[in-house]
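target-v9.pdb (PDB, C-alpha atoms)
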```pdb
ATOM      1  CA  MET S   1       0.000   0.000   0.000
ATOM      2  CA  GLU S   2       1.173   3.522  -0.789
ATOM      3  CA  ASN S   3      -0.155   6.665   0.880
ATOM      4  CA  LEU S   4      -0.802   9.299  -1.775
ATOM      5  CA  SER S   5       0.120  12.968  -1.476
ATOM      6  CA  ASN S   6      -2.599  15.615  -1.280
ATOM      7  CA  GLU S   7      -1.831  16.549  -4.886
ATOM      8  CA  GLN S   8      -2.143  12.942  -6.093
ATOM      9  CA  SER S   9      -5.373  12.525  -4.114
ATOM     10  CA  TRP S  10      -6.868  15.715  -5.585
ATOM     11  CA  GLU S  11      -5.924  14.627  -9.102
ATOM     12  CA  LEU S  12      -7.746  11.322  -8.686
ATOM     13  CA  LEU S  13     -10.750  12.978  -7.019
ATOM     14  CA  GLU S  14     -11.006  15.627  -9.751
ATOM     15  CA  GLY S  15     -10.984  12.898 -12.419
ATOM     16  CA  SER S  16     -13.910  11.053 -10.810
ATOM     17  CA  VAL S  17     -17.570  11.345 -11.759
ATOM     18  CA  LEU S  18     -19.086   8.888  -9.273
ATOM     19  CA  GLY S  19     -18.533   8.807  -5.534
ATOM     20  CA  ARG S  20     -20.065   7.483  -2.366
ATOM     21  CA  LEU S  21     -21.506  10.043   0.031
ATOM     22  CA  ALA S  22     -21.316   8.990   3.673
ATOM     23  CA  VAL S  23     -23.264  10.804   6.379
ATOM     24  CA  CYS S  24     -24.129  10.000   9.975
ATOM     25  CA  VAL S  25     -27.151  11.099  12.013
ATOM     26  CA  ASP S  26     -27.869   9.952  15.572
ATOM     27  CA  GLY S  27     -25.106   7.372  15.309
ATOM     28  CA  GLN S  28     -26.674   5.793  12.218
ATOM     29  CA  PRO S  29     -24.396   5.892   9.155
ATOM     30  CA  ASP S  30     -25.717   6.018   5.590
ATOM     31  CA  VAL S  31     -23.918   5.730   2.240
ATOM     32  CA  PHE S  32     -25.306   6.901  -1.105
ATOM     33  CA  PRO S  33     -23.811   6.699  -4.609
ATOM     34  CA  VAL S  34     -23.780  10.173  -6.181
ATOM     35  CA  ASN S  35     -22.571  11.722  -9.424
ATOM     36  CA  ILE S  36     -19.976  14.365  -8.580
ATOM     37  CA  TYR S  37     -18.109  17.268 -10.088
ATOM     38  CA  VAL S  38     -14.940  18.477  -8.340
ATOM     39  CA  SER S  39     -13.391  21.923  -8.719
ATOM     40  CA  ASN S  40     -11.585  24.501  -6.572
ATOM     41  CA  GLY S  41     -11.476  22.351  -3.437
ATOM     42  CA  LYS S  42     -15.197  21.610  -3.542
ATOM     43  CA  ILE S  43     -17.350  18.644  -4.492
ATOM     44  CA  LEU S  44     -20.708  19.273  -6.126
ATOM     45  CA  PHE S  45     -23.607  16.849  -6.472
ATOM     46  CA  ARG S  46     -27.327  17.069  -7.216
ATOM     47  CA  THR S  47     -30.110  15.372  -5.340
ATOM     48  CA  ALA S  48     -33.849  15.425  -4.777
ATOM     49  CA  GLU S  49     -35.759  15.864  -1.536
ATOM     50  CA  GLY S  50     -35.229  12.845   0.662
ATOM     51  CA  THR S  51     -32.892  11.111   3.054
ATOM     52  CA  LYS S  52     -29.619  12.728   1.915
ATOM     53  CA  LEU S  53     -30.932  16.272   2.320
ATOM     54  CA  ALA S  54     -32.686  15.493   5.586
ATOM     55  CA  GLU S  55     -29.534  13.964   7.062
ATOM     56  CA  LEU S  56     -27.300  16.809   5.850
ATOM     57  CA  ALA S  57     -29.716  19.294   7.443
ATOM     58  CA  VAL S  58     -29.146  17.581  10.804
ATOM     59  CA  ASN S  59     -25.376  17.071  10.420
ATOM     60  CA  ASP S  60     -23.472  18.957   7.707
ATOM     61  CA  ARG S  61     -20.337  16.815   8.106
ATOM     62  CA  ALA S  62     -19.957  14.612   5.042
ATOM     63  CA  VAL S  63     -17.489  12.252   3.423
ATOM     64  CA  ILE S  64     -17.064  11.398  -0.243
ATOM     65  CA  GLU S  65     -15.133   8.281  -1.227
ATOM     66  CA  VAL S  66     -14.022   7.540  -4.798
ATOM     67  CA  ASP S  67     -12.039   4.578  -6.065
ATOM     68  CA  ALA S  68     -11.054   2.502  -9.055
ATOM     69  CA  PHE S  69      -9.371  -0.854  -9.521
ATOM     70  CA  THR S  70      -8.290  -3.508 -11.968
ATOM     71  CA  SER S  71      -7.269  -7.088 -11.259
ATOM     72  CA  ARG S  72      -3.764  -5.871 -10.285
ATOM     73  CA  ILE S  73      -3.958  -2.336  -8.870
ATOM     74  CA  GLY S  74      -6.411  -0.017  -7.192
ATOM     75  CA  TRP S  75      -6.756   3.285  -5.401
ATOM     76  CA  SER S  76      -9.124   4.997  -2.994
ATOM     77  CA  VAL S  77      -9.531   8.669  -2.042
ATOM     78  CA  VAL S  78     -11.540   9.939   0.940
ATOM     79  CA  ALA S  79     -12.506  13.625   1.178
ATOM     80  CA  LYS S  80     -14.094  15.007   4.363
ATOM     81  CA  GLY S  81     -15.777  18.357   4.758
ATOM     82  CA  ARG S  82     -18.903  20.385   5.379
ATOM     83  CA  ALA S  83     -21.900  20.254   3.080
ATOM     84  CA  ARG S  84     -24.292  23.045   2.225
ATOM     85  CA  ILE S  85     -27.256  23.379  -0.087
ATOM     86  CA  LEU S  86     -26.782  25.982  -2.811
ATOM     87  CA  ARG S  87     -29.573  28.561  -2.534
ATOM     88  CA  ASP S  88     -28.114  31.666  -4.192
ATOM     89  CA  SER S  89     -29.345  31.992  -7.790
ATOM     90  CA  ALA S  90     -25.868  32.917  -9.075
ATOM     91  CA  GLU S  91     -24.361  29.801  -7.441
ATOM     92  CA  ILE S  92     -27.116  27.616  -8.864
ATOM     93  CA  GLU S  93     -26.643  29.113 -12.316
ATOM     94  CA  ALA S  94     -22.888  28.448 -12.092
ATOM     95  CA  ALA S  95     -23.575  24.871 -10.965
ATOM     96  CA  ASP S  96     -25.907  24.410 -13.953
ATOM     97  CA  GLN S  97     -22.938  25.211 -16.221
ATOM     98  CA  THR S  98     -20.759  22.399 -14.830
ATOM     99  CA  PRO S  99     -20.545  19.002 -16.549
ATOM    100  CA  LEU S 100     -22.406  17.383 -13.629
ATOM    101  CA  ASN S 101     -24.993  15.054 -15.163
ATOM    102  CA  PRO S 102     -26.967  12.167 -13.697
ATOM    103  CA  TRP S 103     -26.391   8.729 -15.174
ATOM    104  CA  ILE S 104     -30.080   7.879 -15.056
ATOM    105  CA  PRO S 105     -33.021  10.054 -16.169
ATOM    106  CA  THR S 106     -34.250  11.513 -12.881
ATOM    107  CA  VAL S 107     -35.189  14.964 -11.663
ATOM    108  CA  ARG S 108     -32.709  16.227  -9.089
ATOM    109  CA  THR S 109     -33.102  19.927  -8.566
ATOM    110  CA  THR S 110     -31.057  20.581  -5.445
ATOM    111  CA  TYR S 111     -27.309  21.195  -5.592
ATOM    112  CA  VAL S 112     -25.147  20.330  -2.591
ATOM    113  CA  GLU S 113     -21.553  21.507  -2.253
ATOM    114  CA  ILE S 114     -18.990  19.946   0.071
ATOM    115  CA  ALA S 115     -16.082  22.187   1.019
ATOM    116  CA  VAL S 116     -13.232  19.703   1.482
ATOM    117  CA  GLU S 117     -11.282  20.137   4.724
ATOM    118  CA  GLU S 118      -9.274  16.891   4.661
ATOM    119  CA  ILE S 119      -8.275  14.520   1.868
ATOM    120  CA  THR S 120      -6.395  11.219   1.970
ATOM    121  CA  GLY S 121      -5.607   8.664  -0.689
ATOM    122  CA  ARG S 122      -4.071   5.228  -1.003
ATOM    123  CA  ARG S 123      -2.853   3.145  -3.912
ATOM    124  CA  PHE S 124      -2.810  -0.652  -3.711
ATOM    125  CA  VAL S 125      -0.943  -3.328  -5.646
ATOM    126  CA  PHE S 126      -2.834  -6.609  -5.427
ATOM    127  CA  GLY S 127      -1.133  -9.951  -5.032
ATOM    128  CA  PRO S 128      -1.075 -13.125  -3.039
ATOM    129  CA  GLU S 129      -1.097 -12.992   0.724
ATOM    130  CA  PRO S 130       2.463 -13.116   2.063
ATOM    131  CA  ASP S 131       3.627 -16.334   3.668
ATOM    132  CA  HIS S 132       3.607 -16.235   7.448
ATOM    133  CA  GLU S 133       3.894 -18.668  10.286
ATOM    134  CA  ILE S 134       0.969 -19.278  12.564
ATOM    135  CA  ARG S 135       2.018 -19.232  16.183
TER     136      ARG S 135
END
```
Serialized structure, C-alpha cells:
Amino acid sequence: MENLSNEQSWELLEGSVLGRLAVCVDGQPDVFPVNIYVSNGKILFRTAEGTKLAELAVNDRAVIEVDAFTSRIGWSVVAKGRARILRDSAEIEAADQTPLNPWIPTVRTTYVEIAVEEITGRRFVFGPEPDHEIR
C-alpha cells in the first residue's frame, strides 16, 4: 500500500464522476452513490428531496469516497468536509454550467456543495497474501 500525497489525491478525485456520500445522524451511518463534479477544493452533487438532504440538514459533516481498480492495482480517495445546499441563484446558475450530469433520467433539482477540509488517498498493488507462520 502507498499513501498518496494531497496533490495525487486531488488529481484522482477531480478525475472522478461517481462517488459514495457517507453521512451519519444519531449514530446511524448512511452511504449513497452520487454523481460528482470536483473543482476549486469543492465537491458538487445534485439530489432530490429525501434522506440525503434530511440527514445533511441535521449534520453537515460529510465524506465522499471515490475509487477505481483492476485485477492488479487499485486506489481509494476519501474527502471530508462540510456540506451546504446551494440557494443563491448565481451559485445555482454556475452549478448548472458544470458538466455534472446524472447517469439515469431523474429529476434532481437541489445542488449540494462539500467544502473539502481533509483529503487522503491510497494506492494498492494486489497480489497473493504473504507467507507467514501461525504461532
Stretch 55-61 of chain S: axis-aligned bounding box, 5 Å on each side, centre and edge lengths in Å, one decimal, as JSON:
```
{"center_x": -25.0, "center_y": 16.6, "center_z": 8.3, "size_x": 19.4, "size_y": 15.3, "size_z": 15.0}
```
Nearest to S:Ser5 by atom-to-atom distance, counting only C-alpha atoms, from S:Ile114, S:Ile85, S:Ile104, S:Val77: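 Between S:Ile114, S:Ile85, S:Ile104, S:Val77, the residue approaching S:Ser5 most closely is S:Val77.
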10 Å contact set for S:Gly74, all atoms listed in the file, chain neighbours under 5 positions out, as a count of residues only: 9
Matched chain/residue IDs from the PyMOL selection byres ((chain S and resi 29) around 12), as a VMD selection string: chain S and resid 21 to 28 30 to 32 51 to 52 55 to 56 59 61 to 63
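For the residues S:Thr110, S:Trp75, S:Glu2, S:Thr120, ranking by smallest atom-to-atom distance to S:Arg87 using all atoms listed in the file places S:Thr110 first.
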Counting only C-alpha atoms, the option among S:Leu86, S:Asn40, S:Thr47, S:Ser76 closest to S:Ile64: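 Of the candidates, the smallest distance to S:Ile64 is held by S:Ser76.
The gap separating atom CA of S:Leu53 from atom CA of S:Val34 is 12.7 Å, in Å to one decimal.
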Taking into account all atoms listed in the file, which residue in the set S:Ile119, S:Ala54, S:Ile36, S:Val66 is nearest to S:Asn101?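 Smallest separation from S:Asn101 among the options: S:Ile36.
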Length of the atom CA of S:Val112 to atom CA of S:Phe45 vector [Å]: 5.4 Å
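Between atom CA of S:Lys42 and atom CA of S:Glu118 the separation is 11.2 Å.
Closest to S:Ala115 among S:Ser89, S:Asn6, S:Ser39, S:Ser71 is S:Ser39, based on only C-alpha atoms.
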S:Arg20 proximity check over S:Glu93, S:Glu65, S:Glu7, S:Asp88, using all atoms listed in the file: winner is S:Glu65
For stretch 65-88 of chain S, supply N, CA, C and O atoms and report the output as a short mmCIF file (atom, residue, chain, number, x, y, z; two decimals), in the frame of the given file.
```cif
data_model
loop_
_atom_site.label_atom_id
_atom_site.label_comp_id
_atom_site.auth_asym_id
_atom_site.auth_seq_id
_atom_site.Cartn_x
_atom_site.Cartn_y
_atom_site.Cartn_z
N GLU S 65 -16.18 9.24 -0.91
CA GLU S 65 -15.13 8.28 -1.23
C GLU S 65 -15.25 7.95 -2.70
O GLU S 65 -16.35 7.75 -3.22
N VAL S 66 -14.10 7.96 -3.40
CA VAL S 66 -14.02 7.54 -4.80
C VAL S 66 -12.93 6.49 -4.92
O VAL S 66 -11.98 6.49 -4.13
N ASP S 67 -13.06 5.60 -5.89
CA ASP S 67 -12.04 4.58 -6.06
C ASP S 67 -12.10 4.01 -7.47
O ASP S 67 -13.05 4.28 -8.21
N ALA S 68 -11.10 3.25 -7.80
CA ALA S 68 -11.05 2.50 -9.06
C ALA S 68 -10.08 1.34 -8.86
O ALA S 68 -9.19 1.41 -8.00
N PHE S 69 -10.28 0.29 -9.64
CA PHE S 69 -9.37 -0.85 -9.52
C PHE S 69 -9.42 -1.71 -10.77
O PHE S 69 -10.37 -1.65 -11.55
N THR S 70 -8.36 -2.47 -10.95
CA THR S 70 -8.29 -3.51 -11.97
C THR S 70 -7.99 -4.80 -11.22
O THR S 70 -8.02 -4.83 -9.99
N SER S 71 -7.61 -5.84 -11.94
CA SER S 71 -7.27 -7.09 -11.26
C SER S 71 -5.92 -7.01 -10.56
O SER S 71 -5.60 -7.85 -9.73
N ARG S 72 -5.12 -5.96 -10.86
CA ARG S 72 -3.76 -5.87 -10.28
C ARG S 72 -3.52 -4.66 -9.40
O ARG S 72 -2.68 -4.71 -8.51
N ILE S 73 -4.20 -3.55 -9.65
CA ILE S 73 -3.96 -2.34 -8.87
C ILE S 73 -5.28 -1.66 -8.53
O ILE S 73 -6.31 -1.92 -9.15
N GLY S 74 -5.22 -0.78 -7.55
CA GLY S 74 -6.41 -0.02 -7.19
C GLY S 74 -6.03 1.21 -6.39
O GLY S 74 -4.88 1.37 -5.98
N TRP S 75 -6.98 2.10 -6.22
CA TRP S 75 -6.76 3.28 -5.40
C TRP S 75 -8.07 3.71 -4.77
O TRP S 75 -9.16 3.34 -5.23
N SER S 76 -7.96 4.47 -3.69
CA SER S 76 -9.12 5.00 -2.99
C SER S 76 -8.77 6.37 -2.45
O SER S 76 -7.68 6.57 -1.92
N VAL S 77 -9.70 7.33 -2.59
CA VAL S 77 -9.53 8.67 -2.04
C VAL S 77 -10.75 8.98 -1.18
O VAL S 77 -11.89 8.72 -1.57
N VAL S 78 -10.49 9.54 0.01
CA VAL S 78 -11.54 9.94 0.94
C VAL S 78 -11.40 11.44 1.19
O VAL S 78 -10.33 11.91 1.56
N ALA S 79 -12.49 12.17 0.96
CA ALA S 79 -12.51 13.62 1.18
C ALA S 79 -13.58 13.96 2.21
O ALA S 79 -14.75 13.59 2.03
N LYS S 80 -13.18 14.64 3.28
CA LYS S 80 -14.09 15.01 4.36
C LYS S 80 -14.30 16.51 4.37
O LYS S 80 -13.36 17.27 4.12
N GLY S 81 -15.52 16.93 4.69
CA GLY S 81 -15.78 18.36 4.76
C GLY S 81 -17.18 18.67 5.23
O GLY S 81 -17.86 17.82 5.80
N ARG S 82 -17.57 19.90 4.98
CA ARG S 82 -18.90 20.39 5.38
C ARG S 82 -19.75 20.62 4.14
O ARG S 82 -19.30 21.21 3.17
N ALA S 83 -20.98 20.15 4.20
CA ALA S 83 -21.90 20.25 3.08
C ALA S 83 -22.86 21.42 3.30
O ALA S 83 -23.22 21.74 4.43
N ARG S 84 -23.25 22.02 2.17
CA ARG S 84 -24.29 23.04 2.22
C ARG S 84 -25.09 23.00 0.94
O ARG S 84 -24.57 22.68 -0.13
N ILE S 85 -26.37 23.32 1.07
CA ILE S 85 -27.26 23.38 -0.09
C ILE S 85 -27.06 24.73 -0.76
O ILE S 85 -27.04 25.77 -0.08
N LEU S 86 -26.90 24.72 -2.08
CA LEU S 86 -26.78 25.98 -2.81
C LEU S 86 -28.17 26.61 -2.94
O LEU S 86 -29.10 25.98 -3.43
N ARG S 87 -28.29 27.86 -2.49
CA ARG S 87 -29.57 28.56 -2.53
C ARG S 87 -29.50 29.85 -3.35
O ARG S 87 -30.51 30.30 -3.87
N ASP S 88 -28.30 30.42 -3.45
CA ASP S 88 -28.11 31.67 -4.19
C ASP S 88 -28.28 31.39 -5.69
O ASP S 88 -27.68 30.45 -6.23
#
```
